[in-house]
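S.K.: Contents of upload.pdb (PDB, C-alpha atoms):
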ATOM      1  CA  PRO Y 142     -13.904 -13.102  -6.056
ATOM      2  CA  THR Y 143     -10.210 -13.282  -5.117
ATOM      3  CA  LEU Y 144     -10.961 -12.057  -1.589
ATOM      4  CA  GLU Y 145     -13.238 -15.048  -1.086
ATOM      5  CA  TYR Y 146     -11.102 -17.597  -2.970
ATOM      6  CA  VAL Y 147      -7.579 -16.970  -1.646
ATOM      7  CA  PRO Y 148      -8.264 -17.428   2.082
ATOM      8  CA  ARG Y 149     -10.384 -20.516   1.404
ATOM      9  CA  LYS Y 150      -7.383 -22.046  -0.353
ATOM     10  CA  GLY Y 151      -5.141 -21.128   2.597
ATOM     11  CA  TRP Y 152      -2.955 -18.807   0.568
ATOM     12  CA  GLY Y 153      -1.572 -15.535   1.879
ATOM     13  CA  GLY Y 154      -3.236 -12.281   0.903
ATOM     14  CA  VAL Y 155      -1.497  -9.263  -0.621
ATOM     15  CA  PHE Y 156      -3.165  -5.873  -0.227
ATOM     16  CA  TRP Y 157      -1.974  -3.108  -2.527
ATOM     17  CA  LEU Y 158      -3.149   0.089  -4.190
ATOM     18  CA  LYS Y 159      -6.237   0.578  -2.056
ATOM     19  CA  HIS Y 160      -7.410   3.385   0.198
ATOM     20  CA  TYR Y 161      -6.441   2.473   3.735
ATOM     21  CA  SER Y 162     -10.092   2.149   4.848
ATOM     22  CA  PHE Y 163     -10.746  -0.277   1.985
ATOM     23  CA  VAL Y 164      -7.628  -2.223   2.954
ATOM     24  CA  LYS Y 165      -9.002  -2.500   6.492
ATOM     25  CA  GLN Y 166     -12.325  -3.862   5.211
ATOM     26  CA  PHE Y 167     -10.605  -6.396   2.941
ATOM     27  CA  TRP Y 168      -8.023  -7.272   5.633
ATOM     28  CA  ASP Y 169     -10.763  -8.119   8.105
ATOM     29  CA  ARG Y 170     -12.892  -9.935   5.528
ATOM     30  CA  TYR Y 171      -9.907 -12.085   4.558
ATOM     31  CA  ALA Y 172      -9.573 -13.151   8.228
ATOM     32  CA  GLU Y 173     -13.315 -13.933   8.444
ATOM     33  CA  VAL Y 174     -13.259 -16.100   5.320
ATOM     34  CA  TYR Y 175     -10.075 -17.838   6.458
ATOM     35  CA  ASP Y 176     -11.698 -18.621   9.809
ATOM     36  CA  GLU Y 177     -14.853 -19.933   8.108
ATOM     37  CA  ALA Y 178     -12.830 -22.176   5.813
ATOM     38  CA  HIS Y 179     -10.218 -23.451   8.259
ATOM     39  CA  SER Y 180     -11.800 -23.010  11.706
ATOM     40  CA  THR Y 181      -8.707 -21.043  12.667
ATOM     41  CA  THR Y 182      -8.664 -17.509  13.971
ATOM     42  CA  LEU Y 183      -5.826 -15.564  12.402
ATOM     43  CA  GLY Y 184      -3.651 -13.188  14.361
ATOM     44  CA  ALA Y 185      -3.929  -9.503  13.467
ATOM     45  CA  GLY Y 186      -1.501  -9.660  10.562
ATOM     46  CA  GLN Y 187      -1.165 -13.369   9.975
ATOM     47  CA  MET Y 188      -1.369 -14.628   6.360
ATOM     48  CA  ARG Y 189      -1.562 -11.075   4.974
ATOM     49  CA  THR Y 190       0.887  -8.451   3.794
ATOM     50  CA  LEU Y 191       0.420  -4.805   2.931
ATOM     51  CA  VAL Y 192       2.308  -3.218   0.031
ATOM     52  CA  VAL Y 193       3.220   0.476   0.182
ATOM     53  CA  THR Y 194       5.506   2.752  -1.760
ATOM     54  CA  PRO Y 195       7.587   4.863   0.593
ATOM     55  CA  TRP Y 196       9.616   7.771  -0.699
ATOM     56  CA  ILE Y 197      11.948   9.406   1.757
ATOM     57  CA  ALA Y 198      13.825  12.693   1.466
ATOM     58  CA  ASP Y 199      14.972  15.417   3.811
ATOM     59  CA  SER Y 200      11.770  17.398   3.195
ATOM     60  CA  LYS Y 201       8.281  16.613   1.952
ATOM     61  CA  GLU Y 202       8.782  18.965  -0.987
ATOM     62  CA  ALA Y 203      11.992  17.194  -2.022
ATOM     63  CA  ALA Y 204      10.357  13.768  -1.677
ATOM     64  CA  MET Y 205       7.394  14.837  -3.806
ATOM     65  CA  ALA Y 206       9.635  16.313  -6.478
ATOM     66  CA  GLU Y 207      11.752  13.137  -6.617
ATOM     67  CA  VAL Y 208       8.842  10.685  -6.809
ATOM     68  CA  ARG Y 209       6.325  12.599  -8.950
ATOM     69  CA  ASN Y 210       7.532  11.509 -12.418
ATOM     70  CA  GLY Y 211       7.797   7.828 -11.468
ATOM     71  CA  HIS Y 212       4.406   7.937  -9.788
ATOM     72  CA  ASP Y 213       2.783   9.582 -12.793
ATOM     73  CA  GLU Y 214       4.303   7.119 -15.275
ATOM     74  CA  PHE Y 215       3.254   4.182 -13.071
ATOM     75  CA  TRP Y 216      -0.360   5.382 -13.123
ATOM     76  CA  LYS Y 217      -0.399   6.303 -16.811
ATOM     77  CA  PHE Y 218       0.374   2.633 -17.370
ATOM     78  CA  LEU Y 219      -1.935   0.998 -14.756
ATOM     79  CA  GLY Y 220      -4.791   3.502 -14.485
ATOM     80  CA  PRO Y 221      -6.461   2.722 -17.829
ATOM     81  CA  TYR Y 222      -6.624  -0.958 -16.811
ATOM     82  CA  GLY Y 223      -8.713  -0.182 -13.723
ATOM     83  CA  TRP Y 224      -6.015  -0.663 -11.109
ATOM     84  CA  SER Y 225      -6.995   2.556  -9.381
ATOM     85  CA  ARG Y 226     -10.494   1.349  -8.501
ATOM     86  CA  GLY Y 227      -9.151   0.716  -4.977
ATOM     87  CA  TYR Y 228      -8.752   4.460  -4.502
ATOM     88  CA  MET Y 229     -11.508   6.342  -2.734
ATOM     89  CA  GLY Y 230     -13.591   8.591  -4.949
ATOM     90  CA  PRO Y 231     -15.007  11.942  -3.849
ATOM     91  CA  ASP Y 232     -18.250  10.208  -2.783
ATOM     92  CA  GLY Y 233     -16.389   7.888  -0.379
ATOM     93  CA  LYS Y 234     -16.895   4.898  -2.660
ATOM     94  CA  PRO Y 235     -14.275   3.174  -4.811
ATOM     95  CA  ALA Y 236     -13.045   5.344  -7.668
ATOM     96  CA  GLN Y 237     -14.322   4.619 -11.137
ATOM     97  CA  PRO Y 238     -12.050   2.372 -13.214
ATOM     98  CA  GLY Y 239      -9.677   4.367 -15.357
ATOM     99  CA  LEU Y 240      -8.756   6.956 -12.740
ATOM    100  CA  ILE Y 241      -5.188   8.145 -13.122
ATOM    101  CA  PRO Y 242      -4.554   9.406  -9.599
ATOM    102  CA  THR Y 243      -2.415  12.395  -8.812
ATOM    103  CA  LEU Y 244       0.463  12.103  -6.395
ATOM    104  CA  ASP Y 245      -1.654  13.976  -3.832
ATOM    105  CA  GLU Y 246      -4.436  11.385  -4.229
ATOM    106  CA  SER Y 247      -1.952   8.555  -3.728
ATOM    107  CA  ILE Y 248      -0.667  10.243  -0.576
ATOM    108  CA  GLU Y 249      -4.232  10.784   0.717
ATOM    109  CA  ASN Y 250      -5.068   7.121   0.049
ATOM    110  CA  LYS Y 251      -1.837   6.094   1.819
ATOM    111  CA  THR Y 252      -0.683   3.907  -1.060
ATOM    112  CA  MET Y 253       2.354   6.196  -1.243
ATOM    113  CA  LEU Y 254       4.056   7.375   1.926
ATOM    114  CA  VAL Y 255       6.037  10.427   0.901
ATOM    115  CA  GLY Y 256       8.105  12.786   3.007
ATOM    116  CA  THR Y 257      10.675  12.939   5.750
ATOM    117  CA  PRO Y 258      11.678   9.815   7.669
ATOM    118  CA  GLU Y 259       9.563  10.998  10.590
ATOM    119  CA  HIS Y 260       6.502  11.481   8.393
ATOM    120  CA  VAL Y 261       6.884   8.131   6.634
ATOM    121  CA  ALA Y 262       7.344   6.438  10.026
ATOM    122  CA  SER Y 263       4.155   8.046  11.333
ATOM    123  CA  GLU Y 264       2.254   6.808   8.258
ATOM    124  CA  ILE Y 265       3.664   3.286   8.717
ATOM    125  CA  GLN Y 266       2.701   3.414  12.395
ATOM    126  CA  PHE Y 267      -0.843   4.512  11.466
ATOM    127  CA  LEU Y 268      -1.198   1.555   9.085
ATOM    128  CA  LYS Y 269       0.374  -0.854  11.557
ATOM    129  CA  ASP Y 270      -2.019   0.287  14.288
ATOM    130  CA  LEU Y 271      -4.960  -0.006  11.872
ATOM    131  CA  LEU Y 272      -4.133  -3.475  10.560
ATOM    132  CA  GLY Y 273      -1.725  -5.045  13.023
ATOM    133  CA  PHE Y 274       0.407  -6.328  10.169
ATOM    134  CA  GLU Y 275       3.391  -8.573  10.701
ATOM    135  CA  TYR Y 276       4.675  -8.148   7.160
ATOM    136  CA  LEU Y 277       5.094  -5.031   5.101
ATOM    137  CA  THR Y 278       6.190  -5.155   1.485
ATOM    138  CA  LEU Y 279       7.920  -2.120   0.025
ATOM    139  CA  PHE Y 280       7.632  -1.100  -3.602
ATOM    140  CA  PRO Y 281      10.504   1.397  -3.818
ATOM    141  CA  HIS Y 282      11.173   1.360  -7.554
ATOM    142  CA  LEU Y 283       9.003   3.366  -9.920
ATOM    143  CA  ALA Y 284       9.132   3.822 -13.667
ATOM    144  CA  GLY Y 285      12.322   5.527 -14.776
ATOM    145  CA  ASP Y 286      14.142   5.166 -11.468
ATOM    146  CA  PRO Y 287      17.627   3.691 -11.658
ATOM    147  CA  TYR Y 288      18.261   0.645  -9.501
ATOM    148  CA  ALA Y 289      20.597   2.731  -7.317
ATOM    149  CA  LYS Y 290      17.640   4.921  -6.314
ATOM    150  CA  ALA Y 291      15.663   1.892  -5.137
ATOM    151  CA  VAL Y 292      18.678   0.717  -3.129
ATOM    152  CA  GLU Y 293      19.001   4.189  -1.609
ATOM    153  CA  GLN Y 294      15.299   4.268  -0.666
ATOM    154  CA  MET Y 295      15.437   0.789   0.909
ATOM    155  CA  GLY Y 296      18.505   1.832   2.885
ATOM    156  CA  ARG Y 297      16.875   5.026   4.094
ATOM    157  CA  PHE Y 298      13.780   3.075   5.069
ATOM    158  CA  MET Y 299      15.809   0.631   7.166
ATOM    159  CA  THR Y 300      18.084   3.173   8.816
ATOM    160  CA  ASP Y 301      15.840   6.248   9.084
ATOM    161  CA  VAL Y 302      12.264   4.929   9.299
ATOM    162  CA  VAL Y 303      12.198   1.469  10.890
ATOM    163  CA  PRO Y 304      13.759   2.625  14.191
ATOM    164  CA  LEU Y 305      10.895   5.140  14.575
ATOM    165  CA  VAL Y 306       8.121   2.508  14.254
ATOM    166  CA  SER Y 307       7.075   0.516  17.301
TER     167      SER Y 307
END
Hey, can you dump this file as structure tokens for me?

M.R.:
Amino acid sequence: PTLEYVPRKGWGGVFWLKHYSFVKQFWDRYAEVYDEAHSTTLGAGQMRTLVVTPWIADSKEAAMAEVRNGHDEFWKFLGPYGWSRGYMGPDGKPAQPGLIPTLDESIENKTMLVGTPEHVASEIQFLKDLLGFEYLTLFPHLAGDPYAKAVEQMGRFMTDVVPLVS
């Protein structure tokens, strides 16, 4: 219901914790509903933002080791409430409510972009090419992470990743 209601009201849409193909479907549907309601064709990323959790380290293995505990605690909290239903299940359909995804599943769904700066940049570029977003929201602070770690990740994103994205 929110996907139909928010664009009709003229509010911006936030897309988070969904498999990238589901995001694309919702992203496009938002634009269709907005156009129907306001007789205005939105630009590729207008009125919408994507939320991703990047985690950057000097190797993929290091990034996965650093982010795994925070990821797992995040999903132990949200999974039982159905937040993971935006993930793709093995049948290609939305996952059943209650899924507590593994870090590998979050990486496959592209809700978490984990690895070297070059890898994270390539994932951002993939999503940017898919959606044409103008705005990207980062969620760099997971359960148990000190604030300094979030600051470090935001800094690495700006200095090591952003210059690699066109």

S.K.: Take CA of Asp176 in chain Y and CA of Pro235 in chain Y and report the distance between them in Å, one decimal.

M.R.: 26.4 Å

S.K.: Pick from Y:Pro148, Y:Phe218, Y:Gly230, Y:Thr278: nearest to Thr182 in chain Y, with all atoms listed in the file counted?

M.R.: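 Looking only at the distances to Thr182 in chain Y, the closest residue turns out to be Y:Pro148.
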
S.K.: Since I can't run it myself right now, could you work out what the PyMOL selection byres ((chain Y and resi 271) around 10) selects here and report it as a list of chain:residue names?

M.R.: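 This file, filtered by the PyMOL selection byres ((chain Y and resi 271) around 10), leaves Y:Tyr161, Y:Ser162, Y:Val164, Y:Lys165, Y:Ala185, Y:Ile265, Y:Gln266, Y:Phe267, Y:Leu268, Y:Lys269, Y:Asp270, Y:Leu272, Y:Gly273, Y:Phe274.
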
S.K.: Each residue of range 184-234 of chain Y with at least one atom at most 8 Å from range 245-261 of chain Y should appear once, together with its nearest atom pair and the corresponding distance in Å (one decimal); atoms considered: only C-alpha atoms; ordering: chain, then increasing residue number; output as JSON lines.

M.R.:
{"residue": "Y:Val192", "atom": "CA", "partner": "Y:Thr252", "partner_atom": "CA", "distance": 7.8}
{"residue": "Y:Val193", "atom": "CA", "partner": "Y:Thr252", "partner_atom": "CA", "distance": 5.3}
{"residue": "Y:Thr194", "atom": "CA", "partner": "Y:Met253", "partner_atom": "CA", "distance": 4.7}
{"residue": "Y:Pro195", "atom": "CA", "partner": "Y:Leu254", "partner_atom": "CA", "distance": 4.5}
{"residue": "Y:Trp196", "atom": "CA", "partner": "Y:Val255", "partner_atom": "CA", "distance": 4.7}
{"residue": "Y:Ile197", "atom": "CA", "partner": "Y:Gly256", "partner_atom": "CA", "distance": 5.3}
{"residue": "Y:Ala198", "atom": "CA", "partner": "Y:Thr257", "partner_atom": "CA", "distance": 5.3}
{"residue": "Y:Asp199", "atom": "CA", "partner": "Y:Thr257", "partner_atom": "CA", "distance": 5.3}
{"residue": "Y:Ser200", "atom": "CA", "partner": "Y:Thr257", "partner_atom": "CA", "distance": 5.3}
{"residue": "Y:Lys201", "atom": "CA", "partner": "Y:Gly256", "partner_atom": "CA", "distance": 4.0}
{"residue": "Y:Glu202", "atom": "CA", "partner": "Y:Gly256", "partner_atom": "CA", "distance": 7.4}
{"residue": "Y:Ala203", "atom": "CA", "partner": "Y:Gly256", "partner_atom": "CA", "distance": 7.7}
{"residue": "Y:Ala204", "atom": "CA", "partner": "Y:Gly256", "partner_atom": "CA", "distance": 5.3}
{"residue": "Y:Met205", "atom": "CA", "partner": "Y:Val255", "partner_atom": "CA", "distance": 6.6}
{"residue": "Y:Tyr228", "atom": "CA", "partner": "Y:Asn250", "partner_atom": "CA", "distance": 6.4}
{"residue": "Y:Met229", "atom": "CA", "partner": "Y:Asn250", "partner_atom": "CA", "distance": 7.1}

S.K.: Go ahead and write the selection's residues with C-alpha atoms as a CSV table (one decimal), in the frame of the given file.

M.R.:
chain,number,residue,atom,x,y,z
Y,192,VAL,CA,2.3,-3.2,0.0
Y,193,VAL,CA,3.2,0.5,0.2
Y,194,THR,CA,5.5,2.8,-1.8
Y,195,PRO,CA,7.6,4.9,0.6
Y,196,TRP,CA,9.6,7.8,-0.7
Y,197,ILE,CA,11.9,9.4,1.8
Y,198,ALA,CA,13.8,12.7,1.5
Y,199,ASP,CA,15.0,15.4,3.8
Y,200,SER,CA,11.8,17.4,3.2
Y,201,LYS,CA,8.3,16.6,2.0
Y,202,GLU,CA,8.8,19.0,-1.0
Y,203,ALA,CA,12.0,17.2,-2.0
Y,204,ALA,CA,10.4,13.8,-1.7
Y,205,MET,CA,7.4,14.8,-3.8
Y,228,TYR,CA,-8.8,4.5,-4.5
Y,229,MET,CA,-11.5,6.3,-2.7

S.K.: Residues picked by the PyMOL selection byres ((chain Y and resi 282-295) around 10) here, as a compact mmCIF listing (two decimals) with C-alpha atoms, in the frame of the given file?

M.R.:
# COMPACT_ATOMS: atom_id res chain seq x y z
CA THR Y 194 5.51 2.75 -1.76
CA PRO Y 195 7.59 4.86 0.59
CA TRP Y 196 9.62 7.77 -0.70
CA ILE Y 197 11.95 9.41 1.76
CA ALA Y 198 13.82 12.69 1.47
CA GLU Y 207 11.75 13.14 -6.62
CA VAL Y 208 8.84 10.68 -6.81
CA ARG Y 209 6.32 12.60 -8.95
CA ASN Y 210 7.53 11.51 -12.42
CA GLY Y 211 7.80 7.83 -11.47
CA HIS Y 212 4.41 7.94 -9.79
CA ASP Y 213 2.78 9.58 -12.79
CA GLU Y 214 4.30 7.12 -15.28
CA PHE Y 215 3.25 4.18 -13.07
CA TRP Y 216 -0.36 5.38 -13.12
CA PHE Y 218 0.37 2.63 -17.37
CA LEU Y 279 7.92 -2.12 0.02
CA PHE Y 280 7.63 -1.10 -3.60
CA PRO Y 281 10.50 1.40 -3.82
CA GLY Y 296 18.50 1.83 2.88
CA ARG Y 297 16.88 5.03 4.09
CA PHE Y 298 13.78 3.08 5.07
CA MET Y 299 15.81 0.63 7.17
CA THR Y 300 18.08 3.17 8.82
CA ASP Y 301 15.84 6.25 9.08
CA VAL Y 302 12.26 4.93 9.30

S.K.: With the PyMOL selection byres ((chain Y and resi 150) around 12) as the selection, what would be picked from this file? Answer as number ranges by chain, please.

M.R.: Y: 143-149, 151-154, 171, 174-179, 188

S.K.: So, counting only C-alpha atoms, which residue among Y:Leu305, Y:Ala206, Y:Leu219, Y:Leu277 is closest to Ile241 in chain Y?

M.R.: Y:Leu219

S.K.: So which one's closest to Val155 in chain Y, Y:Trp168, Y:Ala236, Y:Thr190, Y:Val306? Using all atoms listed in the file, please.

M.R.: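 Of all the options, Y:Thr190 lies closest to Val155 in chain Y.
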
S.K.: For the atom pair CA of Pro238 in chain Y and CA of His160 in chain Y, what is the interatomic distance in Å to one decimal place?

M.R.: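 Calculated distance between CA of Pro238 in chain Y and CA of His160 in chain Y is 14.2 Å.
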